[in-house]
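For reference, the structure is listed below as structure tokens.
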Amino acid sequence: MLFAFQAQAQEEPIPGITRQPSEAAADALIDPNDVVVLLLDHQTGLFQTVKDIPVDDLRRNTVALARIAQQIDAPVILTASEPDGPNGPLMSEFDEVIPDATYVARQGEVSAWDNDDFVRAVEATGRRTLVMAGVWTSVCVAFPALQAHADGYKVYAVMDASGDPSEMASRTTLARFTQAGIIPVTTNVMLSGLHRTWNRDDAAEWGALYSELVPNYHAVSESYLRAQEAAN
């Protein structure tokens, strides 16, 4: 059950598509009008422990996820566990990419969902779809994801914007997510699922996001533009 005082997100039509999905079909994909992005413990000290994904890829995917949130005007909430200790400060890219994100300082809680200020910040958005990523996947993402899901939220875990100390840790967490009803996705899936259509005024901005996230797609776009120029 959701908290009684939590507002329900207002359902809005998705612009640019020729058929609005049924209620059941809408629930099958992510609703861009109901998203809040939670970036959990992307800290430089913890990055040094990540072994299941190259840290450069992890950072790039996390930045892309933050840019996607900006593109759909979704709230972003940041938090860190003990940023003044060995876990280190949050990745510096956040200052440039999402300077207006809400930051919630924890009081030593391992799970962000055990911090009252953090949960209240989520509730204040009035949104029910939580997109989570963080370091470690098996702890800093898994614990609040499981708790939020139990409290009635729809939860997506962005696996490649998260990292773990081993592949075994991330594989067992993936299994735990699917068993619990948490939806594992990649950053590219989030991009496409929130984009939904090229029939929109900001199509070029979405194209730039694809090129940033998937370098090979940039090559596709570049070759197409050059071919268009040659044809003209």
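Just so we're on the same page: first chain in the structure tokens is A, next is B, and so on; residues restart at 1 for each chain, and ligands are numbered from 1 in the order they show up.
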
Review point. Using only C-alpha atoms, which residues sit within 12 Å of segment 102-118 of chain A once same-chain residues fewer than 5 positions away are excluded, as a PyMOL selection string?
Key: chain A and resi 36-41+74-85+87+89-90+94-95+123-125+132+134-151

Among segment 24-223 of chain A, which ones does DSSP place in alpha helix (DSSP H), written as an mmCIF file with N, CA, C and O atoms, in the first residue's frame?
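So the final result, stored in states_20.cif, reads:
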data_model
loop_
_atom_site.group_PDB
_atom_site.id
_atom_site.type_symbol
_atom_site.label_atom_id
_atom_site.label_comp_id
_atom_site.auth_asym_id
_atom_site.auth_seq_id
_atom_site.Cartn_x
_atom_site.Cartn_y
_atom_site.Cartn_z
ATOM 1 N N ALA A 24 -3.819 -1.476 -19.580
ATOM 2 C CA ALA A 24 -2.932 -2.630 -19.415
ATOM 3 C C ALA A 24 -1.642 -2.436 -20.195
ATOM 4 O O ALA A 24 -0.549 -2.715 -19.689
ATOM 5 N N ALA A 25 -1.757 -1.951 -21.441
ATOM 6 C CA ALA A 25 -0.559 -1.751 -22.252
ATOM 7 C C ALA A 25 0.304 -0.627 -21.692
ATOM 8 O O ALA A 25 1.535 -0.690 -21.755
ATOM 9 N N ALA A 26 -0.332 0.393 -21.158
ATOM 10 C CA ALA A 26 0.428 1.495 -20.561
ATOM 11 C C ALA A 26 1.266 1.007 -19.389
ATOM 12 O O ALA A 26 2.393 1.464 -19.177
ATOM 13 N N ASP A 27 0.721 0.053 -18.639
ATOM 14 C CA ASP A 27 1.441 -0.462 -17.484
ATOM 15 C C ASP A 27 2.610 -1.357 -17.891
ATOM 16 O O ASP A 27 3.534 -1.580 -17.114
ATOM 17 N N ALA A 28 2.579 -1.858 -19.126
ATOM 18 C CA ALA A 28 3.644 -2.751 -19.585
ATOM 19 C C ALA A 28 4.932 -2.001 -19.875
ATOM 20 O O ALA A 28 6.021 -2.569 -19.791
ATOM 21 N N THR A 44 33.007 8.028 -5.623
ATOM 22 C CA THR A 44 34.301 7.718 -6.239
ATOM 23 C C THR A 44 35.058 6.622 -5.500
ATOM 24 O O THR A 44 35.796 5.848 -6.123
ATOM 25 N N GLY A 45 34.915 6.548 -4.191
ATOM 26 C CA GLY A 45 35.567 5.466 -3.458
ATOM 27 C C GLY A 45 34.959 4.124 -3.787
ATOM 28 O O GLY A 45 35.671 3.132 -4.020
ATOM 29 N N LEU A 46 33.633 4.069 -3.852
ATOM 30 C CA LEU A 46 32.962 2.820 -4.189
ATOM 31 C C LEU A 46 33.260 2.382 -5.616
ATOM 32 O O LEU A 46 33.286 1.177 -5.912
ATOM 33 N N PHE A 47 33.471 3.339 -6.521
ATOM 34 C CA PHE A 47 33.801 2.981 -7.902
ATOM 35 C C PHE A 47 35.027 2.060 -7.962
ATOM 36 O O PHE A 47 35.137 1.211 -8.847
ATOM 37 N N VAL A 55 34.325 0.897 -15.132
ATOM 38 C CA VAL A 55 33.864 2.103 -14.434
ATOM 39 C C VAL A 55 33.584 3.236 -15.415
ATOM 40 O O VAL A 55 32.642 4.016 -15.219
ATOM 41 N N ASP A 56 34.353 3.338 -16.491
ATOM 42 C CA ASP A 56 34.079 4.374 -17.494
ATOM 43 C C ASP A 56 32.690 4.186 -18.095
ATOM 44 O O ASP A 56 31.965 5.169 -18.316
ATOM 45 N N ASP A 57 32.304 2.932 -18.361
ATOM 46 C CA ASP A 57 30.967 2.664 -18.894
ATOM 47 C C ASP A 57 29.900 3.005 -17.856
ATOM 48 O O ASP A 57 28.853 3.587 -18.190
ATOM 49 N N LEU A 58 30.155 2.635 -16.622
ATOM 50 C CA LEU A 58 29.216 2.929 -15.542
ATOM 51 C C LEU A 58 28.974 4.434 -15.431
ATOM 52 O O LEU A 58 27.825 4.893 -15.357
ATOM 53 N N ARG A 59 30.051 5.206 -15.457
ATOM 54 C CA ARG A 59 29.908 6.655 -15.324
ATOM 55 C C ARG A 59 29.182 7.239 -16.533
ATOM 56 O O ARG A 59 28.302 8.107 -16.388
ATOM 57 N N ARG A 60 29.533 6.772 -17.739
ATOM 58 C CA ARG A 60 28.889 7.292 -18.950
ATOM 59 C C ARG A 60 27.402 6.976 -18.950
ATOM 60 O O ARG A 60 26.561 7.825 -19.281
ATOM 61 N N ASN A 61 27.042 5.760 -18.555
ATOM 62 C CA ASN A 61 25.632 5.383 -18.521
ATOM 63 C C ASN A 61 24.866 6.174 -17.467
ATOM 64 O O ASN A 61 23.700 6.538 -17.681
ATOM 65 N N THR A 62 25.503 6.439 -16.345
ATOM 66 C CA THR A 62 24.850 7.215 -15.296
ATOM 67 C C THR A 62 24.611 8.644 -15.750
ATOM 68 O O THR A 62 23.536 9.217 -15.505
ATOM 69 N N VAL A 63 25.593 9.232 -16.422
ATOM 70 C CA VAL A 63 25.415 10.576 -16.969
ATOM 71 C C VAL A 63 24.288 10.582 -17.993
ATOM 72 O O VAL A 63 23.442 11.490 -18.013
ATOM 73 N N ALA A 64 24.252 9.572 -18.853
ATOM 74 C CA ALA A 64 23.183 9.484 -19.853
ATOM 75 C C ALA A 64 21.821 9.375 -19.181
ATOM 76 O O ALA A 64 20.845 10.017 -19.613
ATOM 77 N N LEU A 65 21.730 8.585 -18.108
ATOM 78 C CA LEU A 65 20.466 8.444 -17.392
ATOM 79 C C LEU A 65 20.026 9.787 -16.810
ATOM 80 O O LEU A 65 18.840 10.144 -16.850
ATOM 81 N N ALA A 66 20.990 10.545 -16.283
ATOM 82 C CA ALA A 66 20.666 11.872 -15.752
ATOM 83 C C ALA A 66 20.185 12.803 -16.863
ATOM 84 O O ALA A 66 19.239 13.579 -16.684
ATOM 85 N N ARG A 67 20.809 12.725 -18.029
ATOM 86 C CA ARG A 67 20.389 13.568 -19.159
ATOM 87 C C ARG A 67 18.990 13.169 -19.655
ATOM 88 O O ARG A 67 18.192 14.027 -20.052
ATOM 89 N N ILE A 68 18.710 11.873 -19.636
ATOM 90 C CA ILE A 68 17.376 11.410 -20.022
ATOM 91 C C ILE A 68 16.325 11.985 -19.073
ATOM 92 O O ILE A 68 15.261 12.433 -19.500
ATOM 93 N N ALA A 69 16.638 11.977 -17.781
ATOM 94 C CA ALA A 69 15.713 12.547 -16.799
ATOM 95 C C ALA A 69 15.449 14.017 -17.100
ATOM 96 O O ALA A 69 14.305 14.488 -17.022
ATOM 97 N N GLN A 70 16.506 14.748 -17.449
ATOM 98 C CA GLN A 70 16.325 16.153 -17.797
ATOM 99 C C GLN A 70 15.450 16.302 -19.036
ATOM 100 O O GLN A 70 14.623 17.214 -19.117
ATOM 101 N N GLN A 71 15.641 15.415 -20.003
ATOM 102 C CA GLN A 71 14.911 15.509 -21.265
ATOM 103 C C GLN A 71 13.405 15.378 -21.062
ATOM 104 O O GLN A 71 12.615 16.009 -21.771
ATOM 105 N N GLU A 93 30.477 14.607 -12.254
ATOM 106 C CA GLU A 93 29.656 14.919 -13.418
ATOM 107 C C GLU A 93 28.266 15.429 -13.037
ATOM 108 O O GLU A 93 27.649 16.193 -13.790
ATOM 109 N N PHE A 94 27.773 15.037 -11.867
ATOM 110 C CA PHE A 94 26.441 15.473 -11.460
ATOM 111 C C PHE A 94 26.357 16.991 -11.351
ATOM 112 O O PHE A 94 25.318 17.584 -11.636
ATOM 113 N N ASP A 95 27.433 17.628 -10.908
ATOM 114 C CA ASP A 95 27.415 19.083 -10.738
ATOM 115 C C ASP A 95 27.133 19.796 -12.052
ATOM 116 O O ASP A 95 26.477 20.841 -12.081
ATOM 117 N N GLU A 96 27.620 19.241 -13.141
ATOM 118 C CA GLU A 96 27.432 19.854 -14.449
ATOM 119 C C GLU A 96 26.122 19.430 -15.101
ATOM 120 O O GLU A 96 25.403 20.256 -15.672
ATOM 121 N N VAL A 97 25.799 18.143 -15.006
ATOM 122 C CA VAL A 97 24.663 17.607 -15.765
ATOM 123 C C VAL A 97 23.329 17.877 -15.077
ATOM 124 O O VAL A 97 22.338 18.229 -15.731
ATOM 125 N N ASP A 116 14.354 8.881 6.584
ATOM 126 C CA ASP A 116 13.054 9.542 6.495
ATOM 127 C C ASP A 116 13.070 10.692 5.492
ATOM 128 O O ASP A 116 12.107 10.871 4.721
ATOM 129 N N ASP A 117 14.139 11.469 5.466
ATOM 130 C CA ASP A 117 14.210 12.601 4.543
ATOM 131 C C ASP A 117 14.190 12.130 3.091
ATOM 132 O O ASP A 117 13.582 12.770 2.228
ATOM 133 N N PHE A 118 14.847 11.023 2.815
ATOM 134 C CA PHE A 118 14.889 10.503 1.455
ATOM 135 C C PHE A 118 13.497 10.061 1.006
ATOM 136 O O PHE A 118 13.038 10.417 -0.079
ATOM 137 N N VAL A 119 12.815 9.296 1.844
ATOM 138 C CA VAL A 119 11.485 8.812 1.475
ATOM 139 C C VAL A 119 10.523 9.980 1.314
ATOM 140 O O VAL A 119 9.693 10.008 0.389
ATOM 141 N N ARG A 120 10.633 10.967 2.187
ATOM 142 C CA ARG A 120 9.764 12.138 2.062
ATOM 143 C C ARG A 120 10.043 12.909 0.767
ATOM 144 O O ARG A 120 9.126 13.459 0.146
ATOM 145 N N ALA A 121 11.297 12.950 0.344
ATOM 146 C CA ALA A 121 11.627 13.610 -0.921
ATOM 147 C C ALA A 121 10.983 12.884 -2.089
ATOM 148 O O ALA A 121 10.498 13.509 -3.043
ATOM 149 N N VAL A 122 10.976 11.551 -2.041
ATOM 150 C CA VAL A 122 10.304 10.775 -3.080
ATOM 151 C C VAL A 122 8.803 11.030 -3.050
ATOM 152 O O VAL A 122 8.164 11.276 -4.083
ATOM 153 N N GLU A 123 8.228 10.976 -1.876
ATOM 154 C CA GLU A 123 6.788 11.212 -1.740
ATOM 155 C C GLU A 123 6.387 12.585 -2.250
ATOM 156 O O GLU A 123 5.321 12.751 -2.855
ATOM 157 N N ALA A 124 7.245 13.574 -2.031
ATOM 158 C CA ALA A 124 6.926 14.948 -2.430
ATOM 159 C C ALA A 124 6.787 15.098 -3.936
ATOM 160 O O ALA A 124 6.133 16.036 -4.418
ATOM 161 N N THR A 125 7.381 14.186 -4.718
ATOM 162 C CA THR A 125 7.246 14.262 -6.172
ATOM 163 C C THR A 125 5.858 13.856 -6.638
ATOM 164 O O THR A 125 5.442 14.203 -7.744
ATOM 165 N N ALA A 142 19.541 -2.529 -4.354
ATOM 166 C CA ALA A 142 18.618 -3.619 -4.023
ATOM 167 C C ALA A 142 17.792 -3.337 -2.767
ATOM 168 O O ALA A 142 16.575 -3.560 -2.766
ATOM 169 N N PHE A 143 18.435 -2.843 -1.719
ATOM 170 C CA PHE A 143 17.697 -2.665 -0.469
ATOM 171 C C PHE A 143 16.548 -1.662 -0.627
ATOM 172 O O PHE A 143 15.392 -1.987 -0.332
ATOM 173 N N PRO A 144 16.797 -0.429 -1.094
ATOM 174 C CA PRO A 144 15.662 0.496 -1.255
ATOM 175 C C PRO A 144 14.690 0.054 -2.339
ATOM 176 O O PRO A 144 13.488 0.339 -2.237
ATOM 177 N N ALA A 145 15.176 -0.628 -3.386
ATOM 178 C CA ALA A 145 14.267 -1.106 -4.425
ATOM 179 C C ALA A 145 13.271 -2.094 -3.847
ATOM 180 O O ALA A 145 12.057 -2.011 -4.117
ATOM 181 N N LEU A 146 13.751 -3.037 -3.065
ATOM 182 C CA LEU A 146 12.870 -4.031 -2.457
ATOM 183 C C LEU A 146 11.880 -3.373 -1.491
ATOM 184 O O LEU A 146 10.691 -3.718 -1.463
ATOM 185 N N GLN A 147 12.369 -2.424 -0.712
ATOM 186 C CA GLN A 147 11.502 -1.764 0.260
ATOM 187 C C GLN A 147 10.450 -0.892 -0.427
ATOM 188 O O GLN A 147 9.277 -0.891 -0.041
ATOM 189 N N ALA A 148 10.875 -0.127 -1.449
ATOM 190 C CA ALA A 148 9.932 0.739 -2.159
ATOM 191 C C ALA A 148 8.875 -0.089 -2.879
ATOM 192 O O ALA A 148 7.686 0.261 -2.885
ATOM 193 N N HIS A 149 9.310 -1.188 -3.487
ATOM 194 C CA HIS A 149 8.354 -2.075 -4.154
ATOM 195 C C HIS A 149 7.345 -2.618 -3.142
ATOM 196 O O HIS A 149 6.139 -2.684 -3.427
ATOM 197 N N ALA A 150 7.806 -2.987 -1.959
ATOM 198 C CA ALA A 150 6.909 -3.481 -0.917
ATOM 199 C C ALA A 150 5.933 -2.397 -0.472
ATOM 200 O O ALA A 150 4.803 -2.700 -0.061
ATOM 201 N N GLU A 167 30.773 -10.141 -10.593
ATOM 202 C CA GLU A 167 29.687 -10.544 -11.478
ATOM 203 C C GLU A 167 28.695 -11.436 -10.739
ATOM 204 O O GLU A 167 27.494 -11.392 -11.014
ATOM 205 N N MET A 168 29.194 -12.251 -9.815
ATOM 206 C CA MET A 168 28.280 -13.094 -9.049
ATOM 207 C C MET A 168 27.289 -12.236 -8.262
ATOM 208 O O MET A 168 26.087 -12.549 -8.207
ATOM 209 N N ALA A 169 27.790 -11.151 -7.676
ATOM 210 C CA ALA A 169 26.911 -10.269 -6.901
ATOM 211 C C ALA A 169 25.820 -9.678 -7.776
ATOM 212 O O ALA A 169 24.642 -9.640 -7.398
ATOM 213 N N SER A 170 26.189 -9.215 -8.966
ATOM 214 C CA SER A 170 25.186 -8.598 -9.831
ATOM 215 C C SER A 170 24.231 -9.649 -10.403
ATOM 216 O O SER A 170 23.028 -9.384 -10.561
ATOM 217 N N ARG A 171 24.728 -10.841 -10.701
ATOM 218 C CA ARG A 171 23.844 -11.882 -11.243
ATOM 219 C C ARG A 171 22.821 -12.336 -10.200
ATOM 220 O O ARG A 171 21.645 -12.527 -10.518
ATOM 221 N N THR A 172 23.269 -12.521 -8.970
ATOM 222 C CA THR A 172 22.320 -12.945 -7.938
ATOM 223 C C THR A 172 21.327 -11.831 -7.631
ATOM 224 O O THR A 172 20.151 -12.104 -7.348
ATOM 225 N N THR A 173 21.761 -10.582 -7.725
ATOM 226 C CA THR A 173 20.849 -9.459 -7.505
ATOM 227 C C THR A 173 19.813 -9.386 -8.619
ATOM 228 O O THR A 173 18.640 -9.108 -8.364
ATOM 229 N N LEU A 174 20.251 -9.629 -9.860
ATOM 230 C CA LEU A 174 19.314 -9.651 -10.975
ATOM 231 C C LEU A 174 18.228 -10.695 -10.737
ATOM 232 O O LEU A 174 17.033 -10.443 -10.955
ATOM 233 N N ALA A 175 18.624 -11.870 -10.258
ATOM 234 C CA ALA A 175 17.639 -12.915 -9.959
ATOM 235 C C ALA A 175 16.705 -12.475 -8.831
ATOM 236 O O ALA A 175 15.488 -12.702 -8.889
ATOM 237 N N ARG A 176 17.276 -11.836 -7.836
ATOM 238 C CA ARG A 176 16.459 -11.375 -6.713
ATOM 239 C C ARG A 176 15.448 -10.327 -7.172
ATOM 240 O O ARG A 176 14.288 -10.325 -6.741
ATOM 241 N N PHE A 177 15.870 -9.426 -8.055
ATOM 242 C CA PHE A 177 14.970 -8.414 -8.584
ATOM 243 C C PHE A 177 13.782 -9.053 -9.298
ATOM 244 O O PHE A 177 12.626 -8.692 -9.062
ATOM 245 N N THR A 178 14.083 -9.970 -10.209
ATOM 246 C CA THR A 178 12.998 -10.554 -11.001
ATOM 247 C C THR A 178 12.038 -11.363 -10.132
ATOM 248 O O THR A 178 10.829 -11.348 -10.363
ATOM 249 N N GLN A 179 12.562 -12.028 -9.122
ATOM 250 C CA GLN A 179 11.702 -12.781 -8.215
ATOM 251 C C GLN A 179 10.790 -11.855 -7.409
ATOM 252 O O GLN A 179 9.651 -12.204 -7.096
ATOM 253 N N ALA A 180 11.293 -10.646 -7.104
ATOM 254 C CA ALA A 180 10.540 -9.719 -6.257
ATOM 255 C C ALA A 180 9.587 -8.833 -7.042
ATOM 256 O O ALA A 180 8.765 -8.130 -6.449
ATOM 257 N N THR A 187 20.327 1.248 -19.589
ATOM 258 C CA THR A 187 20.139 2.674 -19.861
ATOM 259 C C THR A 187 19.514 2.885 -21.235
ATOM 260 O O THR A 187 18.658 3.759 -21.409
ATOM 261 N N ASN A 188 19.924 2.084 -22.205
ATOM 262 C CA ASN A 188 19.380 2.231 -23.546
ATOM 263 C C ASN A 188 17.891 1.913 -23.591
ATOM 264 O O ASN A 188 17.127 2.555 -24.324
ATOM 265 N N VAL A 189 17.462 0.935 -22.809
ATOM 266 C CA VAL A 189 16.037 0.621 -22.725
ATOM 267 C C VAL A 189 15.275 1.792 -22.115
ATOM 268 O O VAL A 189 14.174 2.149 -22.567
ATOM 269 N N MET A 190 15.844 2.422 -21.083
ATOM 270 C CA MET A 190 15.203 3.588 -20.494
ATOM 271 C C MET A 190 15.088 4.711 -21.519
ATOM 272 O O MET A 190 14.056 5.383 -21.613
ATOM 273 N N LEU A 191 16.148 4.918 -22.298
ATOM 274 C CA LEU A 191 16.137 5.965 -23.309
ATOM 275 C C LEU A 191 15.023 5.721 -24.326
ATOM 276 O O LEU A 191 14.214 6.617 -24.612
ATOM 277 N N SER A 192 14.965 4.519 -24.866
ATOM 278 C CA SER A 192 13.962 4.209 -25.886
ATOM 279 C C SER A 192 12.548 4.192 -25.298
ATOM 280 O O SER A 192 11.594 4.649 -25.943
ATOM 281 N N GLY A 193 12.409 3.664 -24.100
ATOM 282 C CA GLY A 193 11.091 3.574 -23.486
ATOM 283 C C GLY A 193 10.501 4.914 -23.127
ATOM 284 O O GLY A 193 9.269 5.087 -23.120
ATOM 285 N N LEU A 194 11.351 5.876 -22.804
ATOM 286 C CA LEU A 194 10.875 7.217 -22.470
ATOM 287 C C LEU A 194 10.760 8.099 -23.711
ATOM 288 O O LEU A 194 9.963 9.031 -23.739
ATOM 289 N N HIS A 195 11.541 7.792 -24.721
ATOM 290 C CA HIS A 195 11.493 8.515 -25.981
ATOM 291 C C HIS A 195 10.165 8.260 -26.709
ATOM 292 O O HIS A 195 9.453 9.197 -27.071
ATOM 293 N N ALA A 203 12.972 15.872 -31.367
ATOM 294 C CA ALA A 203 13.553 14.633 -31.890
ATOM 295 C C ALA A 203 15.077 14.729 -31.998
ATOM 296 O O ALA A 203 15.792 13.763 -31.719
ATOM 297 N N ALA A 204 15.583 15.888 -32.414
ATOM 298 C CA ALA A 204 17.029 16.041 -32.574
ATOM 299 C C ALA A 204 17.749 15.884 -31.229
ATOM 300 O O ALA A 204 18.850 15.319 -31.169
ATOM 301 N N GLU A 205 17.136 16.368 -30.161
ATOM 302 C CA GLU A 205 17.748 16.244 -28.841
ATOM 303 C C GLU A 205 17.787 14.782 -28.400
ATOM 304 O O GLU A 205 18.751 14.335 -27.769
ATOM 305 N N TRP A 206 16.744 14.031 -28.732
ATOM 306 C CA TRP A 206 16.743 12.602 -28.420
ATOM 307 C C TRP A 206 17.807 11.883 -29.247
ATOM 308 O O TRP A 206 18.502 10.995 -28.748
ATOM 309 N N GLY A 207 17.944 12.276 -30.500
ATOM 310 C CA GLY A 207 18.980 11.678 -31.339
ATOM 311 C C GLY A 207 20.361 11.899 -30.770
ATOM 312 O O GLY A 207 21.215 11.000 -30.807
ATOM 313 N N ALA A 208 20.582 13.082 -30.210
ATOM 314 C CA ALA A 208 21.877 13.374 -29.591
ATOM 315 C C ALA A 208 22.119 12.484 -28.386
ATOM 316 O O ALA A 208 23.256 12.054 -28.125
ATOM 317 N N LEU A 209 21.063 12.173 -27.644
ATOM 318 C CA LEU A 209 21.206 11.283 -26.492
ATOM 319 C C LEU A 209 21.578 9.873 -26.934
ATOM 320 O O LEU A 209 22.418 9.221 -26.310
ATOM 321 N N TYR A 210 20.956 9.392 -27.999
ATOM 322 C CA TYR A 210 21.322 8.070 -28.528
ATOM 323 C C TYR A 210 22.796 8.054 -28.940
ATOM 324 O O TYR A 210 23.522 7.092 -28.666
ATOM 325 N N SER A 211 23.229 9.099 -29.606
ATOM 326 C CA SER A 211 24.617 9.164 -30.075
ATOM 327 C C SER A 211 25.597 9.205 -28.911
ATOM 328 O O SER A 211 26.687 8.632 -28.986
ATOM 329 N N GLU A 212 25.201 9.873 -27.827
ATOM 330 C CA GLU A 212 26.061 9.945 -26.646
ATOM 331 C C GLU A 212 26.145 8.604 -25.939
ATOM 332 O O GLU A 212 27.220 8.172 -25.506
ATOM 333 N N LEU A 213 25.010 7.927 -25.842
ATOM 334 C CA LEU A 213 24.969 6.672 -25.097
ATOM 335 C C LEU A 213 25.532 5.508 -25.901
ATOM 336 O O LEU A 213 26.214 4.638 -25.354
ATOM 337 N N PRO A 215 27.892 4.962 -28.976
ATOM 338 C CA PRO A 215 28.790 5.578 -29.959
ATOM 339 C C PRO A 215 28.588 5.052 -31.377
ATOM 340 O O PRO A 215 28.703 5.811 -32.338
ATOM 341 N N ASN A 216 28.272 3.761 -31.535
ATOM 342 C CA ASN A 216 28.048 3.222 -32.871
ATOM 343 C C ASN A 216 26.828 3.844 -33.536
ATOM 344 O O ASN A 216 26.773 3.970 -34.767
ATOM 345 N N TYR A 217 25.849 4.244 -32.737
ATOM 346 C CA TYR A 217 24.690 4.908 -33.316
ATOM 347 C C TYR A 217 25.075 6.278 -33.855
ATOM 348 O O TYR A 217 24.502 6.748 -34.846
ATOM 349 N N HIS A 218 26.035 6.912 -33.207
ATOM 350 C CA HIS A 218 26.534 8.190 -33.707
ATOM 351 C C HIS A 218 27.097 8.005 -35.115
ATOM 352 O O HIS A 218 26.905 8.854 -35.989
ATOM 353 N N ALA A 219 27.792 6.892 -35.337
ATOM 354 C CA ALA A 219 28.335 6.613 -36.663
ATOM 355 C C ALA A 219 27.222 6.425 -37.680
ATOM 356 O O ALA A 219 27.319 6.887 -38.827
ATOM 357 N N VAL A 220 26.142 5.748 -37.285
ATOM 358 C CA VAL A 220 24.990 5.570 -38.169
ATOM 359 C C VAL A 220 24.401 6.930 -38.545
ATOM 360 O O VAL A 220 24.134 7.217 -39.724
ATOM 361 N N SER A 221 24.207 7.769 -37.535
ATOM 362 C CA SER A 221 23.630 9.086 -37.767
ATOM 363 C C SER A 221 24.525 9.931 -38.662
ATOM 364 O O SER A 221 24.057 10.619 -39.575
ATOM 365 N N GLU A 222 25.826 9.857 -38.386
ATOM 366 C CA GLU A 222 26.784 10.654 -39.159
ATOM 367 C C GLU A 222 26.780 10.229 -40.632
ATOM 368 O O GLU A 222 26.770 11.079 -41.537
ATOM 369 N N SER A 223 26.792 8.933 -40.888
ATOM 370 C CA SER A 223 26.813 8.456 -42.267
ATOM 371 C C SER A 223 25.526 8.827 -42.992
ATOM 372 O O SER A 223 25.534 9.170 -44.183
#

Revision key, fill the gap. Here atom CA of Ser22 of chain A and atom CA of Ala157 of chain A stand apart by 24.3 Å

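Between atom CA of Pro32 of chain A and atom CA of Ile14 of chain A the separation is 8.1 Å.
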
Point to revise | DSSP-assigned strand (DSSP E or B) members of segment 28-181 of chain A, reported as a VMD selection string | key: chain A and resid 35 to 40 43 76 to 80 90 102 to 105 129 to 135 154 to 158 163

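When only C-alpha atoms are used to measure the gap to Leu130 of chain A, the shortest distance among A:Pro184, A:Gly16, A:Pro99, A:Pro54 belongs to A:Pro184.
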
As a PDB file with N, CA and C atoms, in the first residue's frame, please: the residues near Pro15 of chain A (cut-off 8 Å, only C-alpha atoms, same-chain neighbours under 2 positions excluded).
ATOM      1  N   PRO A  13      -1.802  12.029 -21.718  1.00  0.00           N
ATOM      2  CA  PRO A  13      -1.539  11.347 -22.984  1.00  0.00           C
ATOM      3  C   PRO A  13      -0.082  11.488 -23.383  1.00  0.00           C
ATOM      4  N   ILE A  17       2.297   9.894 -30.534  1.00  0.00           N
ATOM      5  CA  ILE A  17       1.965   8.527 -30.945  1.00  0.00           C
ATOM      6  C   ILE A  17       0.534   8.510 -31.462  1.00  0.00           C
ATOM      7  N   ARG A 200       8.111  14.126 -32.739  1.00  0.00           N
ATOM      8  CA  ARG A 200       8.096  15.084 -31.639  1.00  0.00           C
ATOM      9  C   ARG A 200       9.030  16.235 -31.975  1.00  0.00           C
TER      10      ARG A 200
END

Study note, to complete from the structure: For Thr186 of chain A, the closest of A:Leu29, A:Gln228, A:Tyr156, A:Ser166 counting only C-alpha atoms is A:Tyr156

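Going from atom CA of Gly163 of chain A over to atom CA of Gly181 of chain A, you cover 20.2 Å.
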
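Closest to Gln20 of chain A among A:Ser162, A:Met91, A:Gly152, A:Arg196 is A:Arg196, based on only C-alpha atoms.
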